[in-house]
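Participant: First the structure, then my questions, so here it is.
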Amino acid sequence: MFRPRLIYYNDAHHYHAKRIEPPASVHKLRQPVDELAGTGADLLTLSLGYGDVYFHNSKVGRHVGQMKEVWQHFIDWRIMRMVEEGKRHGTDQLRECVARGRELGIKVYPSIKTNDPAPPGDERAGLLKYKYGAEVCLREPGPNEWYYDFSNEIVRNEKLAVIREVLEDYGADGIQLYFAGPMFRKDEVEKNIPTVNRFVADVKRLAIEVGKKQGREVGVTAHVSIAERENLAGGLDVRAWLREGSVDFITGEQRDRLLEPTVDARWLADAANAAGAAAYYRPERRIYDERSPRPTIEMYRALLTNLVEQGFSGLMLGYLPWPFATEEHRLLRELAHPDAFARKSKRYLLQPREGDLTPHRVLPVQMEEGKTVRVTVPVADDVESARRDKEMRQPVLTLRFSSYCIEDDIEFRFNGRVLEQEEAEISDERALGIPVQMRKGMPLDAPTGMAAHWFRFKLKRSDVKHGDNVIEIESKRHSKKAGFKRHLNGVEIHMRYTEYVRPEGFDMERVDAYTG
């Protein structure tokens, strides 16, 4: 069964349909595939549209423009026009992407969202809600009222019909089940776990049936939370799907809002590998860091190296800045081949807590007189072989503090070895701004503005070990005149190697290669 190197998710509208100024050409309809040409991404998961209203000319479900001809919002009007122009050309977004993917060797799995909260009559409500109304919905007071009730066979059959259409009529290479929103009433979740298991198994049987009929391999994958308890709370028994062979590979999404290169999600990889399947990880796109609001290539390298060690087969990226430029193409090229950057620089950094979402995170942590702060940074690099080959540069440990008092008596230790303050490069900024953009309602337990100090230690090559590295900061004495609170709110281990780089000159950043 196909195992992608790198998956790219396109929701079909934010970075495609909404960007097309009418009239849409066939060339523009192929953009989600064309933009991946020449990268390491070998699977595109393409959303079928809004949760319950599709962008392809579905004969089963409701498509954009059906039952609504006038659109009040500019962006929705653009999407409606894209669908109309596709019809004029005798095609649509999905059909063109599947065909183009086959030409370029990029598989295309339509991504179908299992649920949507739009009420009957809404511009994003599907045909079932128009026909059956509350009968097919959860009918729970509050925000869950108009989600579909998956215990209703009518709902499951309609989803299966849409899946059959895109596999059979459109020739899609597979299907992604994108589990979104509640599927059952709160007091009926546990008893309906077998219902979801049967539904996923039905999708797999359908894929096998279509594949046999058309003489090709048709895959099934699912998109879930990386937190097992969250999946089970929603009725999703991922381990059962894997054990029963209902999915070929699985993607766990990081539902936190900050990317954490040191994340531990091995339960999903273990479950997938034990079943002969594969596990992928979808990271978040934000980082709490003064240098960039988005993760850099060195952070992604650390994340993927860590995940591969846990047994993951790769990443699912999505929502990269668009249209793709040099940095995005670099990500899409490198992150398909983690073994190729084994000895390239990586940044293993810890992220602050995000309220109750991340109880396992320790930062930020207050420093108190007479007490020792201990934090652990796992490093997945094969440091032993790099040292043996003499290809490892001195790693750099960076500690960031908010409201640090330079007159305190502090001792730093790394894996038990005392780091003298005289060894550190110390810098400070009275008015540091962290550029991360958190949306309203996203918790963050660390300040986005502070007075900051950085301590950077060039470690010995022998200091860093494969696995957990322990940093200890002992507050022996605090200045009596400084009554403010001090916090450690940033920790990073920068792994560095003897990479191939352009040489630096005296008065320039680098010397250009001779091209004569």
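Naming works like this for the structure tokens: A, B, ... for the chains as they're shown, residue 1 at the start of each chain, ligands 1 onward in shown order.
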Neighbouring residues of Asn469 in chain A were defined as those with any atom within 8 Å, considering only C-alpha atoms; residues of the same chain fewer than 4 positions away were excluded. Please report them as a ChimeraX atom specification.
Facilitator: /A:376-379,414-415,464-465
Participant: Which range 209-305 of chain A residues have any atom within 12 Å of an atom of range 43-65 of chain A, and for each, what is the nearest pair of atoms with distance in Å to one decimal, counting only C-alpha atoms, rows sorted by chain and number, as JSON lines?
Facilitator:
{"residue": "A:Gly219", "atom": "CA", "partner": "A:Leu43", "partner_atom": "CA", "distance": 11.3}
{"residue": "A:Val220", "atom": "CA", "partner": "A:Thr45", "partner_atom": "CA", "distance": 11.3}
{"residue": "A:Thr221", "atom": "CA", "partner": "A:Thr45", "partner_atom": "CA", "distance": 9.9}
{"residue": "A:Ala222", "atom": "CA", "partner": "A:Thr45", "partner_atom": "CA", "distance": 10.7}
{"residue": "A:His223", "atom": "CA", "partner": "A:Thr45", "partner_atom": "CA", "distance": 10.4}
{"residue": "A:Thr251", "atom": "CA", "partner": "A:Thr45", "partner_atom": "CA", "distance": 11.4}
Participant: Applying 12 Å and only C-alpha atoms, which residues near Lys87 in chain A remain after dropping the ones on its own chain fewer than 2 positions away? List them as number ranges by chain.
Facilitator: A: 23-26, 29, 55-58, 63-65, 80-85, 89-96
Participant: With C-alpha atoms kept, could you save the residues just selected as a short mmCIF file (atom, residue, chain, number, x, y, z; two decimals), in the first residue's frame?
Facilitator:
data_model
loop_
_atom_site.label_atom_id
_atom_site.label_comp_id
_atom_site.auth_asym_id
_atom_site.auth_seq_id
_atom_site.Cartn_x
_atom_site.Cartn_y
_atom_site.Cartn_z
CA PRO A 23 -13.18 33.83 -15.15
CA ALA A 24 -11.38 30.72 -13.92
CA SER A 25 -9.39 28.79 -16.51
CA VAL A 26 -8.67 25.06 -16.52
CA LEU A 29 -8.16 24.88 -11.53
CA PHE A 55 -16.79 22.65 -4.93
CA HIS A 56 -17.12 19.82 -7.45
CA ASN A 57 -20.21 19.11 -9.57
CA SER A 58 -21.58 16.52 -7.20
CA HIS A 63 -22.43 22.00 -4.56
CA VAL A 64 -21.74 25.73 -4.36
CA GLY A 65 -24.32 27.66 -6.37
CA MET A 80 -19.39 30.29 -6.81
CA ARG A 81 -17.95 31.83 -9.97
CA MET A 82 -15.09 29.29 -9.99
CA VAL A 83 -17.64 26.48 -9.86
CA GLU A 84 -19.67 28.09 -12.67
CA GLU A 85 -16.60 28.56 -14.85
CA HIS A 89 -15.40 24.17 -19.33
CA GLY A 90 -17.11 20.82 -18.69
CA THR A 91 -15.05 20.12 -15.58
CA ASP A 92 -14.43 21.24 -11.99
CA GLN A 93 -11.69 21.77 -9.43
CA LEU A 94 -11.59 18.19 -8.19
CA ARG A 95 -11.63 16.55 -11.61
CA GLU A 96 -8.78 18.71 -12.85
#
Participant: For range 203-322 of chain A versus range 346-361 of chain A, which residues have an atom no more than 12 Å away, and what is each residue's nearest atom pair and distance in Å rounded to one decimal, using only C-alpha atoms, chain-then-number order, as JSON lines?
Facilitator:
{"residue": "A:Ala227", "atom": "CA", "partner": "A:Leu357", "partner_atom": "CA", "distance": 10.3}
{"residue": "A:Glu230", "atom": "CA", "partner": "A:Leu357", "partner_atom": "CA", "distance": 10.9}
{"residue": "A:Gln254", "atom": "CA", "partner": "A:Leu357", "partner_atom": "CA", "distance": 10.5}
{"residue": "A:Arg255", "atom": "CA", "partner": "A:Leu357", "partner_atom": "CA", "distance": 8.3}
{"residue": "A:Asp256", "atom": "CA", "partner": "A:Leu357", "partner_atom": "CA", "distance": 6.4}
{"residue": "A:Arg257", "atom": "CA", "partner": "A:Glu354", "partner_atom": "CA", "distance": 7.7}
{"residue": "A:Leu258", "atom": "CA", "partner": "A:Gln351", "partner_atom": "CA", "distance": 7.1}
{"residue": "A:Leu259", "atom": "CA", "partner": "A:Gln351", "partner_atom": "CA", "distance": 7.7}
{"residue": "A:Glu260", "atom": "CA", "partner": "A:Gln351", "partner_atom": "CA", "distance": 6.1}
{"residue": "A:Pro261", "atom": "CA", "partner": "A:Tyr348", "partner_atom": "CA", "distance": 5.9}
{"residue": "A:Thr262", "atom": "CA", "partner": "A:Tyr348", "partner_atom": "CA", "distance": 6.5}
{"residue": "A:Val263", "atom": "CA", "partner": "A:Leu350", "partner_atom": "CA", "distance": 9.1}
{"residue": "A:Asp264", "atom": "CA", "partner": "A:His360", "partner_atom": "CA", "distance": 10.1}
{"residue": "A:Arg286", "atom": "CA", "partner": "A:Gln351", "partner_atom": "CA", "distance": 10.5}
{"residue": "A:Ile287", "atom": "CA", "partner": "A:Gln351", "partner_atom": "CA", "distance": 7.7}
{"residue": "A:Tyr288", "atom": "CA", "partner": "A:Gln351", "partner_atom": "CA", "distance": 6.5}
{"residue": "A:Asp289", "atom": "CA", "partner": "A:Gln351", "partner_atom": "CA", "distance": 8.6}
{"residue": "A:Pro295", "atom": "CA", "partner": "A:Arg347", "partner_atom": "CA", "distance": 10.0}
{"residue": "A:Thr296", "atom": "CA", "partner": "A:Arg347", "partner_atom": "CA", "distance": 8.9}
{"residue": "A:Ile297", "atom": "CA", "partner": "A:Lys346", "partner_atom": "CA", "distance": 8.0}
{"residue": "A:Glu298", "atom": "CA", "partner": "A:Lys346", "partner_atom": "CA", "distance": 4.3}
{"residue": "A:Met299", "atom": "CA", "partner": "A:Arg347", "partner_atom": "CA", "distance": 5.0}
{"residue": "A:Tyr300", "atom": "CA", "partner": "A:Lys346", "partner_atom": "CA", "distance": 7.9}
{"residue": "A:Arg301", "atom": "CA", "partner": "A:Lys346", "partner_atom": "CA", "distance": 5.8}
{"residue": "A:Ala302", "atom": "CA", "partner": "A:Lys346", "partner_atom": "CA", "distance": 5.1}
{"residue": "A:Leu303", "atom": "CA", "partner": "A:Tyr348", "partner_atom": "CA", "distance": 7.6}
{"residue": "A:Leu304", "atom": "CA", "partner": "A:Lys346", "partner_atom": "CA", "distance": 10.1}
{"residue": "A:Thr305", "atom": "CA", "partner": "A:Lys346", "partner_atom": "CA", "distance": 9.1}
{"residue": "A:Asn306", "atom": "CA", "partner": "A:Tyr348", "partner_atom": "CA", "distance": 9.3}
Participant: Name all residues at most 8 Å from range 395-403 of chain A (count only C-alpha atoms; drop same-chain ones fewer than 6 positions away) and give them as a ChimeraX atom specification.
Facilitator: /A:450-461,464,484-496
Participant: Could those selected residues go to a file with C-alpha atoms, as a compact mmCIF listing (two decimals), in the first residue's frame?
Facilitator:
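Output file out_23.txt follows:
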# COMPACT_ATOMS: atom_id res chain seq x y z
CA MET A 450 8.75 41.61 28.34
CA ALA A 451 12.16 42.68 29.54
CA ALA A 452 14.33 39.75 28.47
CA HIS A 453 17.79 38.32 29.04
CA TRP A 454 19.45 35.62 26.95
CA PHE A 455 22.25 33.37 28.18
CA ARG A 456 23.99 31.53 25.33
CA PHE A 457 26.43 28.79 26.19
CA LYS A 458 28.62 27.06 23.63
CA LEU A 459 28.54 23.53 24.98
CA LYS A 460 31.21 20.91 24.63
CA ARG A 461 30.56 18.42 21.86
CA VAL A 464 24.70 16.76 24.48
CA PHE A 484 10.20 41.38 41.07
CA LYS A 485 9.51 37.85 39.86
CA ARG A 486 11.96 36.15 37.54
CA HIS A 487 10.89 33.53 35.01
CA LEU A 488 12.61 31.12 32.69
CA ASN A 489 10.42 31.21 29.57
CA GLY A 490 12.60 29.92 26.75
CA VAL A 491 15.00 26.99 26.30
CA GLU A 492 16.68 25.89 23.08
CA ILE A 493 19.43 23.47 22.09
CA HIS A 494 20.84 24.38 18.71
CA MET A 495 22.49 21.35 17.11
CA ARG A 496 25.17 22.40 14.61
Participant: Tell me which of A:Cys405, A:Gly171, A:Glu188, A:Ile193 sits closest to Val210 in chain A, counting only C-alpha atoms.
Facilitator: A:Gly171
Participant: Using only C-alpha atoms, find each residue of range 307-344 of chain A with at least one atom at most 9 Å away from an atom of range 269-277 of chain A; report its shortest atom-to-atom pair and that distance in Å (one decimal), sort the rows by chain and rising residue number, and return the result as JSON lines.
Facilitator:
{"residue": "A:Leu307", "atom": "CA", "partner": "A:Ala269", "partner_atom": "CA", "distance": 8.7}
{"residue": "A:Gln310", "atom": "CA", "partner": "A:Ala269", "partner_atom": "CA", "distance": 6.7}
{"residue": "A:Gly311", "atom": "CA", "partner": "A:Ala269", "partner_atom": "CA", "distance": 5.2}
{"residue": "A:Phe312", "atom": "CA", "partner": "A:Ala269", "partner_atom": "CA", "distance": 5.3}
{"residue": "A:Ser313", "atom": "CA", "partner": "A:Ala269", "partner_atom": "CA", "distance": 8.2}
Participant: Generate the output file for the selected residues, N, CA and C atoms, as a PDB file, in the first residue's frame.
Facilitator:
ATOM      1  N   LEU A 307      10.101  12.926  15.558  1.00  0.00           N
ATOM      2  CA  LEU A 307       8.952  12.076  15.220  1.00  0.00           C
ATOM      3  C   LEU A 307       9.381  10.770  14.552  1.00  0.00           C
ATOM      4  N   GLN A 310      10.297   8.285  16.944  1.00  0.00           N
ATOM      5  CA  GLN A 310       9.138   7.704  17.618  1.00  0.00           C
ATOM      6  C   GLN A 310       8.404   6.705  16.728  1.00  0.00           C
ATOM      7  N   GLY A 311       8.744   6.656  15.460  1.00  0.00           N
ATOM      8  CA  GLY A 311       8.100   5.697  14.560  1.00  0.00           C
ATOM      9  C   GLY A 311       7.178   6.292  13.528  1.00  0.00           C
ATOM     10  N   PHE A 312       7.104   7.628  13.439  1.00  0.00           N
ATOM     11  CA  PHE A 312       6.261   8.269  12.434  1.00  0.00           C
ATOM     12  C   PHE A 312       6.897   8.159  11.054  1.00  0.00           C
ATOM     13  N   SER A 313       6.036   8.153  10.029  1.00  0.00           N
ATOM     14  CA  SER A 313       6.516   8.062   8.653  1.00  0.00           C
ATOM     15  C   SER A 313       6.703   9.418   8.002  1.00  0.00           C
TER      16      SER A 313
END
